[in-house]
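Below is one structure; the comments refer to it alone.
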Amino acid sequence: MIALLAASAGAWVARGNFSATPVLASGTWLPSPRIIPDVPLYDETGASRDASVWRGAPNLIFFGFTHCPDICPATLGVMATLARQQPVEGLHLTFVSVDPERDNPLALARYVGAFSSGLPAGTWRGLSGPETSLQVLTRKLGVAAGRVDLPGGGYTVDHSATLYLTNSDGAVVAIFTPPFSVERLAADLRTARRAVLR
């Protein structure tokens, strides 16, 4: 009887630990997963993509644009360094451009390729899409992004600098805001590992 009770208690504890909400040091675990809307997108190869692109593995997602002078390259550098530490098996890194006018598949491929050194093929993914798709996507996830015209006819894009973590079902489960630390992010991803892989 004692052995049976001990086994039952062990199973209960194991279930509790597995389903417990991860406690993050540098991010926020969402109260409930946030489903990413199914909108038409394209990737860095020019292939059409839909919501299935987010499923099958956890993703760390950043929204920006390839002409960004500072925040984007710095953040993608952090993401690449983080992935080299492999805090979560099979973690995909996804850069979503909010500047479809300039960021065609070739531009996306060159940009994510610049951060791919030392990472397994397929780790990085570049995505963008029609303006209507990006508006739905950014609104649903709470991403701020807006074109700012510059003197002389050029433009830049103001955007938020949040990182989004999905589980392997393709739903956003955590968000991270700057300043980013590779060490703290890696620790948080290791903490969240079981929750994002199930």
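Labels used: A, B, ... for chains in the order of the structure tokens, numbers from 1 for residues in each chain, and numbers from 1 for ligands as shown.
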
Taking only residues of range 51-148 of chain A that have an atom at most 8 Å from an atom of range 171-189 of chain A, what is each one's shortest atom pair and its distance in Å to one decimal, using only C-alpha atoms, in chain and number order, as CSV?
residue,atom,partner,partner_atom,distance
A:Trp54,CA,A:Ala171,CA,7.7
A:Thr75,CA,A:Phe180,CA,7.8
A:Val78,CA,A:Val182,CA,6.2
A:Met79,CA,A:Val182,CA,7.9
A:Thr81,CA,A:Val182,CA,7.2
A:Leu82,CA,A:Val182,CA,5.7
A:Gln85,CA,A:Ala186,CA,7.6
A:Pro87,CA,A:Ala186,CA,5.7
A:Val88,CA,A:Leu189,CA,6.5

Write the residues of the preceding selection, restricted to N, CA, C and O atoms, as a compact mmCIF listing (two decimals), in the first residue's frame.
# COMPACT_ATOMS: atom_id res chain seq x y z
N TRP A 54 4.85 27.53 -38.91
CA TRP A 54 5.20 27.70 -37.50
C TRP A 54 5.20 26.38 -36.73
O TRP A 54 5.65 26.33 -35.59
N THR A 75 19.89 42.20 -32.87
CA THR A 75 19.00 41.17 -32.34
C THR A 75 19.19 39.84 -33.05
O THR A 75 19.22 38.78 -32.41
N VAL A 78 22.16 38.17 -31.64
CA VAL A 78 21.85 37.52 -30.36
C VAL A 78 21.15 36.19 -30.60
O VAL A 78 21.47 35.17 -29.97
N MET A 79 20.18 36.18 -31.51
CA MET A 79 19.44 34.95 -31.81
C MET A 79 20.36 33.86 -32.32
O MET A 79 20.26 32.69 -31.91
N THR A 81 23.66 33.56 -31.86
CA THR A 81 24.54 33.12 -30.77
C THR A 81 23.79 32.20 -29.83
O THR A 81 24.31 31.17 -29.39
N LEU A 82 22.56 32.55 -29.54
CA LEU A 82 21.72 31.74 -28.67
C LEU A 82 21.51 30.35 -29.27
O LEU A 82 21.65 29.33 -28.58
N GLN A 85 24.13 27.69 -28.88
CA GLN A 85 24.21 27.05 -27.57
C GLN A 85 23.19 25.92 -27.42
O GLN A 85 23.24 25.17 -26.45
N PRO A 87 19.89 25.66 -26.55
CA PRO A 87 19.13 25.51 -25.30
C PRO A 87 17.85 24.69 -25.48
O PRO A 87 17.30 24.15 -24.52
N VAL A 88 17.36 24.62 -26.73
CA VAL A 88 16.18 23.82 -27.07
C VAL A 88 16.49 23.09 -28.38
O VAL A 88 16.91 23.71 -29.36

Next on the checklist: I want to know what sits within 6 Å of Ile61 in chain A, based on only C-alpha atoms, with residues of the same chain fewer than 6 positions away left out; could you give that as JSON, numbers by chain?
Outcome noted: {"A": [94, 95, 163, 164]}

Please extract the residues of chain A with a backbone DSSP assignment of helix (DSSP H, G or I) and present them as a tab-separated table (two decimals) with N, CA, C and O atoms, in the first residue's frame.
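The file below, result.tsv, is the result:
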chain	number	residue	atom	x	y	z
A	2	ILE	N	1.91	1.25	0.84
A	2	ILE	CA	2.81	2.41	0.90
A	2	ILE	C	3.51	2.62	-0.44
A	2	ILE	O	3.63	3.73	-0.93
A	3	ALA	N	3.94	1.51	-1.05
A	3	ALA	CA	4.62	1.61	-2.35
A	3	ALA	C	3.68	2.17	-3.41
A	3	ALA	O	4.07	2.97	-4.25
A	4	LEU	N	2.40	1.74	-3.36
A	4	LEU	CA	1.41	2.22	-4.33
A	4	LEU	C	1.17	3.71	-4.15
A	4	LEU	O	1.11	4.46	-5.13
A	5	LEU	N	1.04	4.15	-2.90
A	5	LEU	CA	0.84	5.57	-2.64
A	5	LEU	C	2.06	6.39	-3.10
A	5	LEU	O	1.91	7.47	-3.66
A	6	ALA	N	3.25	5.87	-2.85
A	6	ALA	CA	4.47	6.58	-3.26
A	6	ALA	C	4.53	6.70	-4.78
A	6	ALA	O	4.89	7.75	-5.32
A	7	ALA	N	4.16	5.62	-5.49
A	7	ALA	CA	4.18	5.65	-6.95
A	7	ALA	C	3.16	6.65	-7.47
A	7	ALA	O	3.43	7.41	-8.41
A	8	SER	N	1.97	6.67	-6.86
A	8	SER	CA	0.93	7.62	-7.28
A	8	SER	C	1.38	9.05	-7.05
A	8	SER	O	1.17	9.93	-7.89
A	9	ALA	N	1.99	9.29	-5.89
A	9	ALA	CA	2.46	10.64	-5.58
A	9	ALA	C	3.55	11.06	-6.56
A	9	ALA	O	3.57	12.20	-7.03
A	10	GLY	N	4.44	10.14	-6.90
A	10	GLY	CA	5.50	10.45	-7.87
A	10	GLY	C	4.93	10.81	-9.22
A	10	GLY	O	5.38	11.75	-9.87
A	11	ALA	N	3.92	10.06	-9.66
A	11	ALA	CA	3.29	10.36	-10.96
A	11	ALA	C	2.61	11.70	-10.92
A	11	ALA	O	2.66	12.48	-11.88
A	12	TRP	N	1.96	12.03	-9.79
A	12	TRP	CA	1.27	13.32	-9.66
A	12	TRP	C	2.27	14.47	-9.72
A	12	TRP	O	2.06	15.46	-10.40
A	13	VAL	N	3.40	14.30	-9.02
A	13	VAL	CA	4.43	15.33	-9.03
A	13	VAL	C	5.00	15.50	-10.42
A	13	VAL	O	5.21	16.62	-10.91
A	14	ALA	N	5.23	14.38	-11.09
A	14	ALA	CA	5.79	14.45	-12.46
A	14	ALA	C	4.84	15.19	-13.38
A	14	ALA	O	5.25	16.03	-14.17
A	15	ARG	N	3.54	14.89	-13.28
A	15	ARG	CA	2.56	15.60	-14.11
A	15	ARG	C	2.54	17.08	-13.76
A	15	ARG	O	2.48	17.94	-14.63
A	16	GLY	N	2.61	17.37	-12.48
A	16	GLY	CA	2.58	18.77	-12.06
A	16	GLY	C	3.78	19.54	-12.56
A	16	GLY	O	3.67	20.66	-13.05
A	17	ASN	N	4.96	18.93	-12.49
A	17	ASN	CA	6.16	19.60	-12.97
A	17	ASN	C	6.13	19.80	-14.47
A	17	ASN	O	6.60	20.80	-14.99
A	18	PHE	N	5.55	18.82	-15.19
A	18	PHE	CA	5.52	18.91	-16.64
A	18	PHE	C	4.59	20.02	-17.10
A	18	PHE	O	4.87	20.72	-18.06
A	19	SER	N	3.47	20.17	-16.40
A	19	SER	CA	2.46	21.13	-16.85
A	19	SER	C	2.63	22.50	-16.18
A	19	SER	O	1.88	23.41	-16.48
A	51	ALA	N	0.13	29.06	-42.15
A	51	ALA	CA	0.36	28.88	-40.72
A	51	ALA	C	1.14	27.61	-40.39
A	51	ALA	O	1.72	27.50	-39.31
A	52	SER	N	1.20	26.66	-41.31
A	52	SER	CA	1.94	25.43	-41.05
A	52	SER	C	3.44	25.68	-40.90
A	52	SER	O	4.17	24.84	-40.36
A	53	VAL	N	3.91	26.84	-41.36
A	53	VAL	CA	5.33	27.16	-41.27
A	53	VAL	C	5.79	27.25	-39.81
A	53	VAL	O	6.96	27.06	-39.50
A	54	TRP	N	4.85	27.53	-38.91
A	54	TRP	CA	5.20	27.70	-37.50
A	54	TRP	C	5.20	26.38	-36.73
A	54	TRP	O	5.65	26.33	-35.59
A	71	ILE	N	19.04	47.89	-34.65
A	71	ILE	CA	18.29	46.97	-33.79
A	71	ILE	C	18.20	45.57	-34.40
A	71	ILE	O	18.43	44.56	-33.72
A	72	CYS	N	17.87	45.50	-35.68
A	72	CYS	CA	17.69	44.19	-36.32
A	72	CYS	C	18.98	43.38	-36.37
A	72	CYS	O	19.00	42.23	-35.93
A	73	PRO	N	20.08	43.93	-36.90
A	73	PRO	CA	21.29	43.11	-36.93
A	73	PRO	C	21.78	42.72	-35.53
A	73	PRO	O	22.26	41.61	-35.34
A	74	ALA	N	21.62	43.62	-34.56
A	74	ALA	CA	22.04	43.29	-33.20
A	74	ALA	C	21.20	42.14	-32.65
A	74	ALA	O	21.73	41.20	-32.03
A	75	THR	N	19.89	42.20	-32.87
A	75	THR	CA	19.00	41.17	-32.34
A	75	THR	C	19.19	39.84	-33.05
A	75	THR	O	19.22	38.78	-32.41
A	76	LEU	N	19.35	39.86	-34.37
A	76	LEU	CA	19.60	38.61	-35.09
A	76	LEU	C	20.93	38.00	-34.68
A	76	LEU	O	21.07	36.77	-34.63
A	77	GLY	N	21.90	38.84	-34.36
A	77	GLY	CA	23.17	38.33	-33.84
A	77	GLY	C	22.98	37.61	-32.52
A	77	GLY	O	23.57	36.54	-32.28
A	78	VAL	N	22.16	38.17	-31.64
A	78	VAL	CA	21.85	37.52	-30.36
A	78	VAL	C	21.15	36.19	-30.60
A	78	VAL	O	21.47	35.17	-29.97
A	79	MET	N	20.18	36.18	-31.51
A	79	MET	CA	19.44	34.95	-31.81
A	79	MET	C	20.36	33.86	-32.32
A	79	MET	O	20.26	32.69	-31.91
A	80	ALA	N	21.28	34.23	-33.21
A	80	ALA	CA	22.20	33.24	-33.77
A	80	ALA	C	23.13	32.69	-32.70
A	80	ALA	O	23.38	31.47	-32.62
A	81	THR	N	23.66	33.56	-31.86
A	81	THR	CA	24.54	33.12	-30.77
A	81	THR	C	23.79	32.20	-29.83
A	81	THR	O	24.31	31.17	-29.39
A	82	LEU	N	22.56	32.55	-29.54
A	82	LEU	CA	21.72	31.74	-28.67
A	82	LEU	C	21.51	30.35	-29.27
A	82	LEU	O	21.65	29.33	-28.58
A	83	ALA	N	21.18	30.29	-30.55
A	83	ALA	CA	20.91	29.00	-31.19
A	83	ALA	C	22.15	28.11	-31.20
A	83	ALA	O	22.03	26.87	-31.13
A	84	ARG	N	23.33	28.68	-31.29
A	84	ARG	CA	24.56	27.88	-31.27
A	84	ARG	C	24.74	27.17	-29.94
A	84	ARG	O	25.42	26.14	-29.86
A	105	PRO	N	12.28	37.77	-51.61
A	105	PRO	CA	12.95	36.55	-51.15
A	105	PRO	C	14.47	36.61	-51.22
A	105	PRO	O	15.16	36.13	-50.31
A	106	LEU	N	15.02	37.21	-52.27
A	106	LEU	CA	16.48	37.30	-52.39
A	106	LEU	C	17.07	38.13	-51.26
A	106	LEU	O	18.09	37.76	-50.65
A	107	ALA	N	16.44	39.26	-50.95
A	107	ALA	CA	16.92	40.10	-49.85
A	107	ALA	C	16.84	39.35	-48.52
A	107	ALA	O	17.75	39.44	-47.68
A	108	LEU	N	15.76	38.61	-48.32
A	108	LEU	CA	15.61	37.83	-47.09
A	108	LEU	C	16.68	36.76	-46.99
A	108	LEU	O	17.27	36.54	-45.93
A	109	ALA	N	16.93	36.06	-48.11
A	109	ALA	CA	17.93	34.99	-48.11
A	109	ALA	C	19.32	35.53	-47.76
A	109	ALA	O	20.06	34.93	-46.97
A	110	ARG	N	19.67	36.67	-48.35
A	110	ARG	CA	20.98	37.27	-48.06
A	110	ARG	C	21.08	37.69	-46.60
A	110	ARG	O	22.12	37.52	-45.95
A	111	TYR	N	19.98	38.23	-46.09
A	111	TYR	CA	20.01	38.77	-44.73
A	111	TYR	C	20.13	37.66	-43.70
A	111	TYR	O	21.04	37.70	-42.85
A	112	VAL	N	19.26	36.67	-43.75
A	112	VAL	CA	19.35	35.60	-42.75
A	112	VAL	C	20.60	34.76	-42.96
A	112	VAL	O	21.18	34.23	-42.00
A	113	GLY	N	21.06	34.69	-44.23
A	113	GLY	CA	22.29	33.95	-44.50
A	113	GLY	C	23.50	34.55	-43.81
A	113	GLY	O	24.44	33.84	-43.44
A	131	GLU	N	1.19	43.28	-47.74
A	131	GLU	CA	0.94	44.21	-46.65
A	131	GLU	C	-0.28	43.81	-45.82
A	131	GLU	O	-0.29	43.94	-44.60
A	132	THR	N	-1.33	43.31	-46.49
A	132	THR	CA	-2.53	42.90	-45.76
A	132	THR	C	-2.23	41.76	-44.80
A	132	THR	O	-2.74	41.73	-43.68
A	133	SER	N	-1.39	40.80	-45.23
A	133	SER	CA	-1.02	39.69	-44.35
A	133	SER	C	-0.23	40.18	-43.15
A	133	SER	O	-0.47	39.77	-42.01
A	134	LEU	N	0.71	41.08	-43.41
A	134	LEU	CA	1.55	41.59	-42.33
A	134	LEU	C	0.75	42.40	-41.33
A	134	LEU	O	1.00	42.34	-40.12
A	135	GLN	N	-0.24	43.13	-41.80
A	135	GLN	CA	-1.09	43.90	-40.88
A	135	GLN	C	-1.86	42.98	-39.94
A	135	GLN	O	-1.95	43.24	-38.74
A	136	VAL	N	-2.40	41.89	-40.48
A	136	VAL	CA	-3.14	40.93	-39.65
A	136	VAL	C	-2.18	40.29	-38.65
A	136	VAL	O	-2.49	40.17	-37.45
A	137	LEU	N	-1.03	39.89	-39.12
A	137	LEU	CA	-0.05	39.19	-38.28
A	137	LEU	C	0.45	40.09	-37.16
A	137	LEU	O	0.47	39.69	-35.99
A	138	THR	N	0.83	41.31	-37.49
A	138	THR	CA	1.37	42.20	-36.46
A	138	THR	C	0.30	42.64	-35.47
A	138	THR	O	0.56	42.75	-34.27
A	139	ARG	N	-0.91	42.87	-35.96
A	139	ARG	CA	-1.99	43.26	-35.05
A	139	ARG	C	-2.30	42.14	-34.06
A	139	ARG	O	-2.47	42.39	-32.86
A	140	LYS	N	-2.36	40.91	-34.54
A	140	LYS	CA	-2.70	39.78	-33.67
A	140	LYS	C	-1.63	39.55	-32.60
A	140	LYS	O	-1.95	39.21	-31.46
A	141	LEU	N	-0.37	39.76	-32.96
A	141	LEU	CA	0.71	39.50	-32.02
A	141	LEU	C	1.15	40.73	-31.24
A	141	LEU	O	2.03	40.64	-30.38
A	182	VAL	N	22.20	37.00	-24.00
A	182	VAL	CA	22.24	35.61	-24.46
A	182	VAL	C	22.16	34.65	-23.29
A	182	VAL	O	21.44	33.65	-23.33
A	183	GLU	N	22.85	34.95	-22.23
A	183	GLU	CA	22.89	34.06	-21.07
A	183	GLU	C	21.50	33.91	-20.44
A	183	GLU	O	21.06	32.80	-20.14
A	184	ARG	N	20.80	35.05	-20.26
A	184	ARG	CA	19.47	34.97	-19.64
A	184	ARG	C	18.46	34.31	-20.58
A	184	ARG	O	17.61	33.54	-20.14
A	185	LEU	N	18.54	34.64	-21.87
A	185	LEU	CA	17.64	34.00	-22.83
A	185	LEU	C	17.87	32.50	-22.88
A	185	LEU	O	16.92	31.71	-22.91
A	186	ALA	N	19.12	32.08	-22.89
A	186	ALA	CA	19.43	30.66	-22.93
A	186	ALA	C	18.89	29.95	-21.69
A	186	ALA	O	18.31	28.85	-21.78
A	187	ALA	N	19.04	30.59	-20.53
A	187	ALA	CA	18.52	30.00	-19.30
A	187	ALA	C	17.00	29.88	-19.36
A	187	ALA	O	16.42	28.86	-18.96
A	188	ASP	N	16.33	30.92	-19.88
A	188	ASP	CA	14.88	30.87	-19.98
A	188	ASP	C	14.41	29.81	-20.96
A	188	ASP	O	13.41	29.10	-20.71
A	189	LEU	N	15.10	29.66	-22.07
A	189	LEU	CA	14.71	28.63	-23.04
A	189	LEU	C	14.92	27.23	-22.47
A	189	LEU	O	14.11	26.33	-22.71
A	190	ARG	N	15.98	27.04	-21.71
A	190	ARG	CA	16.16	25.74	-21.07
A	190	ARG	C	15.04	25.48	-20.06
A	190	ARG	O	14.53	24.36	-19.95
A	191	THR	N	14.62	26.53	-19.35
A	191	THR	CA	13.51	26.39	-18.40
A	191	THR	C	12.22	26.01	-19.11
A	191	THR	O	11.43	25.21	-18.62
A	192	ALA	N	12.01	26.60	-20.31
A	192	ALA	CA	10.77	26.40	-21.06
A	192	ALA	C	10.82	25.19	-21.99
A	192	ALA	O	9.85	24.89	-22.67
A	193	ARG	N	11.96	24.51	-22.03
A	193	ARG	CA	12.19	23.47	-23.04
A	193	ARG	C	11.06	22.46	-23.13
A	193	ARG	O	10.52	22.19	-24.22
A	194	ARG	N	10.67	21.84	-22.02
A	194	ARG	CA	9.64	20.81	-22.09
A	194	ARG	C	8.30	21.37	-22.53
A	194	ARG	O	7.55	20.73	-23.26
A	195	ALA	N	8.02	22.60	-22.11
A	195	ALA	CA	6.73	23.20	-22.45
A	195	ALA	C	6.62	23.53	-23.94
A	195	ALA	O	5.52	23.51	-24.51
A	196	VAL	N	7.73	23.86	-24.58
A	196	VAL	CA	7.65	24.24	-26.00
A	196	VAL	C	7.80	23.04	-26.93
A	196	VAL	O	7.42	23.10	-28.09
A	197	LEU	N	8.36	21.94	-26.44
A	197	LEU	CA	8.56	20.77	-27.28
A	197	LEU	C	7.39	19.80	-27.29
A	197	LEU	O	7.28	18.96	-28.16

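Nearest to Asp99 in chain A of all the residues A:Val157, A:Leu60, A:Leu127, A:Ala144 is A:Val157, based on only C-alpha atoms.
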
Checklist entry - Counting only C-alpha atoms, what is within 7 Å of Thr123 in chain A, bar same-chain residues fewer than 3 positions away, as an NGL selection string? => result :A and (92-93 or 119-120)

Checklist entry - Just how far from CA of Gly129 in chain A is CA of Arg55 in chain A, in Å to one decimal? => result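 According to the coordinates, CA of Arg55 in chain A and CA of Gly129 in chain A are separated by 18.2 Å.
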